[in-house]
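Data from work.cif: mmCIF, C-alpha atoms and all ligand atoms
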```cif
data_target
loop_
_atom_site.label_atom_id
_atom_site.label_comp_id
_atom_site.auth_asym_id
_atom_site.auth_seq_id
_atom_site.Cartn_x
_atom_site.Cartn_y
_atom_site.Cartn_z
CA MET A 1 15.84 0.31 19.08
CA GLU A 2 14.84 -2.78 21.02
CA LYS A 3 11.10 -2.23 20.54
CA LEU A 4 11.14 -2.55 16.77
CA GLU A 5 12.19 -5.73 15.01
CA VAL A 6 13.11 -5.89 11.36
CA LEU A 7 10.65 -8.05 9.40
CA ILE A 8 11.69 -7.26 5.82
CA THR A 9 15.16 -5.90 5.14
CA GLU A 10 16.08 -3.25 2.60
CA GLU A 11 17.64 -5.93 0.43
CA GLN A 12 14.52 -8.11 0.57
CA LEU A 13 12.38 -5.09 -0.29
CA ARG A 14 14.61 -4.27 -3.24
CA SER A 15 14.35 -7.73 -4.74
CA GLY A 16 10.63 -8.06 -3.92
CA VAL A 17 9.89 -4.77 -5.67
CA ALA A 18 12.08 -5.75 -8.63
CA GLU A 19 10.15 -9.02 -9.05
CA LEU A 20 6.80 -7.24 -8.94
CA ALA A 21 7.98 -4.71 -11.53
CA GLU A 22 9.18 -7.50 -13.81
CA ARG A 23 5.79 -9.20 -13.70
CA ILE A 24 4.00 -5.91 -14.36
CA ASN A 25 6.32 -5.07 -17.26
CA ARG A 26 5.64 -8.47 -18.78
CA ASP A 27 1.85 -8.28 -18.29
CA TYR A 28 1.32 -4.83 -19.80
CA ASN A 29 3.70 -5.38 -22.68
CA GLY A 30 4.58 -1.73 -23.37
CA GLU A 31 1.04 -0.34 -22.96
CA GLU A 32 0.77 2.99 -21.16
CA LEU A 33 -0.06 2.59 -17.49
CA LEU A 34 -1.74 5.01 -15.09
CA VAL A 35 -0.28 4.22 -11.69
CA VAL A 36 -2.47 5.39 -8.82
CA GLY A 37 -0.95 5.56 -5.34
CA ILE A 38 -3.13 5.52 -2.23
CA LEU A 39 -1.92 8.20 0.17
CA ARG A 40 -0.23 8.28 2.40
CA GLY A 41 1.14 4.79 2.98
CA ALA A 42 1.87 3.87 -0.63
CA PHE A 43 4.25 6.71 -1.45
CA VAL A 44 7.57 4.96 -0.75
CA PHE A 45 6.65 1.68 -2.44
CA LEU A 46 5.22 3.54 -5.42
CA ALA A 47 8.38 5.61 -5.81
CA ASP A 48 10.55 2.48 -5.92
CA LEU A 49 8.15 0.48 -8.10
CA VAL A 50 7.64 3.07 -10.85
CA ARG A 51 11.39 3.51 -11.33
CA ARG A 52 11.50 -0.12 -12.45
CA LEU A 53 8.59 0.08 -14.89
CA THR A 54 9.55 0.21 -18.54
CA MET A 55 6.26 1.18 -20.25
CA PRO A 56 5.09 4.81 -20.51
CA VAL A 57 3.81 5.68 -17.03
CA VAL A 58 1.54 8.43 -15.70
CA ILE A 59 1.30 8.83 -11.92
CA ASP A 60 -1.64 10.06 -9.87
CA PHE A 61 -2.72 9.79 -6.23
CA VAL A 62 -5.88 9.38 -4.20
CA ALA A 63 -6.22 10.04 -0.49
CA VAL A 64 -8.87 8.18 1.45
CA SER A 65 -10.05 7.84 5.01
CA SER A 66 -12.25 5.24 6.65
CA TYR A 67 -14.78 6.56 9.07
CA GLY A 68 -17.06 5.06 11.68
CA ASP A 69 -15.80 4.29 15.18
CA ASP A 70 -12.13 3.60 15.71
CA THR A 71 -12.04 -0.12 16.31
CA GLN A 72 -14.64 -1.23 13.78
CA SER A 73 -14.41 0.40 10.41
CA SER A 74 -17.85 0.74 8.85
CA GLY A 75 -16.43 -0.11 5.46
CA VAL A 76 -17.43 3.31 4.27
CA VAL A 77 -14.44 5.07 2.83
CA ARG A 78 -14.36 8.75 2.05
CA ILE A 79 -12.25 10.13 -0.77
CA LEU A 80 -10.29 13.09 0.64
CA LYS A 81 -8.42 13.75 -2.57
CA ASP A 82 -9.71 12.33 -5.81
CA LEU A 83 -7.71 11.56 -8.93
CA ASP A 84 -6.66 14.47 -11.10
CA GLU A 85 -6.66 12.20 -14.16
CA SER A 86 -9.69 10.85 -15.97
CA ILE A 87 -9.31 7.05 -16.12
CA ALA A 88 -11.93 6.11 -18.73
CA GLY A 89 -10.38 3.84 -21.34
CA ARG A 90 -6.98 3.73 -19.61
CA HIS A 91 -5.04 0.91 -17.99
CA VAL A 92 -4.98 1.64 -14.26
CA LEU A 93 -2.83 0.05 -11.56
CA LEU A 94 -3.79 0.85 -7.98
CA VAL A 95 -0.76 0.76 -5.70
CA GLU A 96 -1.15 0.14 -1.97
CA ASP A 97 1.32 -0.48 0.86
CA ILE A 98 -0.78 -3.06 2.71
CA ILE A 99 -4.11 -4.86 2.49
CA ASP A 100 -5.49 -5.62 5.92
CA THR A 101 -9.30 -5.92 6.23
CA GLY A 102 -9.59 -5.15 2.53
CA LEU A 103 -12.19 -2.42 3.13
CA THR A 104 -10.12 0.44 1.69
CA LEU A 105 -9.31 -1.36 -1.53
CA LYS A 106 -12.69 -2.95 -2.02
CA TYR A 107 -14.31 0.47 -1.88
CA LEU A 108 -11.73 2.17 -4.10
CA TYR A 109 -11.76 -0.67 -6.60
CA GLU A 110 -15.55 -0.45 -7.04
CA ASN A 111 -15.42 3.33 -7.19
CA LEU A 112 -12.74 3.39 -9.90
CA LYS A 113 -14.28 0.48 -11.81
CA ALA A 114 -17.45 2.55 -12.27
CA ARG A 115 -15.38 5.11 -14.22
CA HIS A 116 -14.80 2.54 -16.97
CA PRO A 117 -11.03 2.12 -17.14
CA ALA A 118 -9.75 -0.16 -19.93
CA SER A 119 -8.41 -2.34 -17.09
CA LEU A 120 -8.02 -2.05 -13.34
CA LYS A 121 -5.53 -4.04 -11.29
CA VAL A 122 -4.17 -3.83 -7.78
CA CYS A 123 -0.58 -4.12 -6.59
CA THR A 124 0.19 -4.24 -2.88
CA LEU A 125 3.56 -4.52 -1.22
CA LEU A 126 2.20 -6.36 1.83
CA ASP A 127 -0.78 -8.63 2.21
CA LYS A 128 -2.27 -9.73 5.54
CA PRO A 129 -4.93 -12.23 4.42
CA SER A 130 -5.68 -13.41 7.97
CA ARG A 131 -7.32 -10.06 8.72
CA ARG A 132 -9.67 -9.88 5.76
CA ARG A 133 -13.25 -8.79 6.44
CA VAL A 134 -14.29 -8.55 2.82
CA ASP A 135 -13.33 -10.76 -0.06
CA PHE A 136 -10.57 -8.95 -1.91
CA ASN A 137 -7.49 -10.30 -3.59
CA PRO A 138 -4.72 -8.21 -5.17
CA ASP A 139 -3.41 -8.99 -8.65
CA TYR A 140 0.15 -8.49 -7.41
CA ALA A 141 1.44 -8.88 -3.84
CA GLY A 142 5.06 -8.56 -2.74
CA PHE A 143 5.01 -10.22 0.68
CA THR A 144 2.33 -12.11 2.60
CA ILE A 145 2.73 -11.44 6.30
CA PRO A 146 1.15 -12.69 9.56
CA ASP A 147 -1.03 -10.44 11.69
CA TYR A 148 1.81 -8.19 12.92
CA PHE A 149 1.59 -4.45 13.34
CA VAL A 150 4.14 -3.23 10.83
CA VAL A 151 5.75 0.14 10.19
CA GLY A 152 8.36 1.60 7.87
CA TYR A 153 8.75 1.90 4.09
CA GLY A 154 5.67 4.16 4.05
CA LEU A 155 3.69 2.49 6.85
CA ASP A 156 3.05 4.47 10.00
CA CYS A 157 2.18 4.25 13.66
CA GLY A 158 0.60 7.56 14.65
CA GLN A 159 2.07 9.06 11.45
CA ARG A 160 5.65 8.20 12.50
CA TYR A 161 8.14 5.65 11.11
CA ARG A 162 7.10 6.04 7.46
CA ASN A 163 10.70 6.99 6.63
CA LEU A 164 12.30 3.77 7.92
CA PRO A 165 13.98 2.09 4.94
CA MET A 166 12.88 -1.40 6.04
CA VAL A 167 9.61 -2.93 7.33
CA CYS A 168 9.58 -3.48 11.10
CA VAL A 169 7.23 -5.13 13.56
CA ILE A 170 5.92 -3.39 16.65
CA ARG A 171 5.24 -6.15 19.11
CA GLN A 172 1.60 -6.63 20.14
CA GLU A 173 2.13 -6.52 23.91
CA GLN A 174 3.17 -2.90 23.67
CA GLU A 175 0.75 -0.06 24.25
CA GLY A 176 0.67 2.37 21.35
CA CYS A 177 3.77 3.44 19.45
CA PRO A 178 7.24 3.11 20.95
CA PRO A 179 9.32 6.26 21.32
CA PHE A 180 11.59 6.90 18.41
CA ALA A 181 14.67 9.08 18.54
CA GLY A 182 15.22 10.68 15.14
CA GLY A 183 18.11 9.20 13.21
CA GLU A 184 18.24 5.94 15.14
CA GLN A 185 17.35 2.80 13.26
CA PRO A 186 16.26 -0.60 14.47
CA ARG A 187 18.67 -3.51 14.20
C1 LIG A 201 -3.63 1.84 5.94
C2 LIG A 201 -2.85 1.21 4.80
C3 LIG A 201 -3.94 0.86 3.81
C4 LIG A 201 -5.12 0.52 4.70
C5 LIG A 201 -5.27 -0.97 4.79
O1 LIG A 201 -3.90 3.17 5.60
O2 LIG A 201 -1.95 2.14 4.24
O3 LIG A 201 -4.25 1.96 3.00
O4 LIG A 201 -4.83 1.06 6.00
O5 LIG A 201 -6.29 -1.30 5.66
P1 LIG A 201 -7.63 -2.06 5.24
O6 LIG A 201 -7.29 -3.15 4.27
O7 LIG A 201 -8.12 -2.59 6.56
O8 LIG A 201 -8.58 -1.04 4.65
P2 LIG A 201 -4.34 4.24 6.69
O9 LIG A 201 -5.82 4.34 6.71
O10 LIG A 201 -3.64 3.96 7.98
O11 LIG A 201 -3.81 5.62 6.09
P3 LIG A 201 -2.28 5.94 5.68
O12 LIG A 201 -2.01 5.23 4.40
O13 LIG A 201 -2.29 7.43 5.50
O14 LIG A 201 -1.41 5.49 6.80
MN MN A 202 -3.08 3.72 3.46
MG MG A 203 -1.90 4.48 8.57
#
```

Please re-express this file's structure in structure tokens.
Amino acid sequence: MEKLEVLITEEQLRSGVAELAERINRDYNGEELLVVGILRGAFVFLADLVRRLTMPVVIDFVAVSSYGDDTQSSGVVRILKDLDESIAGRHVLLVEDIIDTGLTLKYLYENLKARHPASLKVCTLLDKPSRRRVDFNPDYAGFTIPDYFVVGYGLDCGQRYRNLPMVCVIRQEQEGCPPFAGGEQPR
């Protein structure tokens, strides 16, 4: 597909995720970890990451949505699906696919912090610091990327492309999402 360009290959993702998992394994030193994925984007990264964690792991998910007008998020985030687990006194790792403006994570971080976890850290696969609107820095970040619109490995454009095994760029000059014939993969 000529409209998508590979930014991070499957191999680069594999080794990036392995490095993150190694750091996390070292930092938590065998302590039980509650891994919280932010739906929907984080599901692929979370699935790969948790299979490399060596401590006892419990997995939960939250689903959130920003609201306000389309172009300018108000910074108000609504929880569509809350955690099933109680996090008080537990070590919690929030897992995200990408941090862009930082609004989603800033809100979730504050919200979860108020529930008194033993610790709360954030792991993101991708970080786009040039787009930040609020001050927020992840504890773990796999790849820092420029201000590209990226899809694949959980990230979507109009809910499509999440199943691509690599991270691809959709070029800015294009309007909306390019057509995608099922089964085809960008080169
Ligand atoms: C995307 C992405 C992050 C968030 C980052 O989620 O997965 O969760 O936006 O943006 P921010 O730093 O500007 O808040 P989206 O709202 O598209 O939902 P999705 O995960 O279901 O695709
Ligand atoms: Mn998301
Ligand atoms: Mg999205």

(message) Could you list, as a VMD selection string, all protein and nucleic acid residues with an atom at most 6 Å from ligand MN 202 (chain A), counting all atoms listed in the file?
(response) chain A and resid 38 to 41

(message) Can you work out which residues are within 8 Å of ligand MG 203 (chain A), considering only C-alpha atoms and all ligand atoms, and then hand them over as number ranges by chain?
(response) A: 40-41, 155-159

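Distance-wise, atom CA of A:Leu80 and atom CA of A:Phe43 end up 16.0 Å apart.
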
Centre, edges in Å (one decimal): axis-aligned box, ligand LIG 201 (chain A), 3 Å padding on all six sides, as lines of an AutoDock Vina configuration file:
```
center_x = -5.0
center_y = 2.1
center_z = 5.5
size_x = 13.2
size_y = 16.6
size_z = 11.0
```

(message) Env of stretch 52-55 of chain A: 8 Å cut, atoms = only C-alpha atoms, seq-sep filter 3 positions within chain, self excluded. Answer as an NGL selection string.
(response) :A and (18 or 21-22 or 24-25 or 28-33 or 48-49)

(request) Skip A:Ala63 itself and residues of its chain fewer than 2 positions away, then list as a list in words all residues within 12 Å of it, counting only C-alpha atoms. (result)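 What passes the distance filter is Val36, Gly37, Ile38, Leu39, Arg40, Gly41, Ala42, Phe43, Asp60, Phe61, Ser65, Ser66, Val77, Arg78, Ile79, Leu80, Lys81, Asp82, Leu83, Asp84, Val95, Glu96, Thr104, Leu105 and Leu108 of chain A.
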
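Picture a line from atom CA of A:Tyr107 to atom CA of A:Arg131; it runs 16.5 Å.
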
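Using only C-alpha atoms for every distance, the candidate list A:Pro178, A:Gly102, A:Gly152, A:Pro165 yields A:Gly102 as the residue closest to A:Pro138.
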
(message) Ranking A:Ser119, A:Thr9, A:Thr101, A:Thr124 by minimum distance to ligand LIG 201 (chain A) and counting all atoms listed in the file, which one comes first?
(response)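 That would be A:Thr101, the residue with the smallest distance to ligand LIG 201 (chain A).
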
(message) Show me, as a list in words, the residues that have an atom within 9 Å of A:Tyr109 when counting all atoms listed in the file, minus same-chain residues fewer than 4 positions from it.
(response)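 Once the nearby chain positions are removed, what remains is Leu94, Thr104, Leu105, Lys113, Ala114, Leu120, Lys121 and Val122 of chain A.
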
(message) With all atoms listed in the file as the counted atoms, please give the residues lying no more than 8 Å from A:Val6, apart from itself and same-chain residues fewer than 6 positions off, as a list in words.
(response) Met166, Val167, Cys168, Val169, Pro186 and Arg187 of chain A
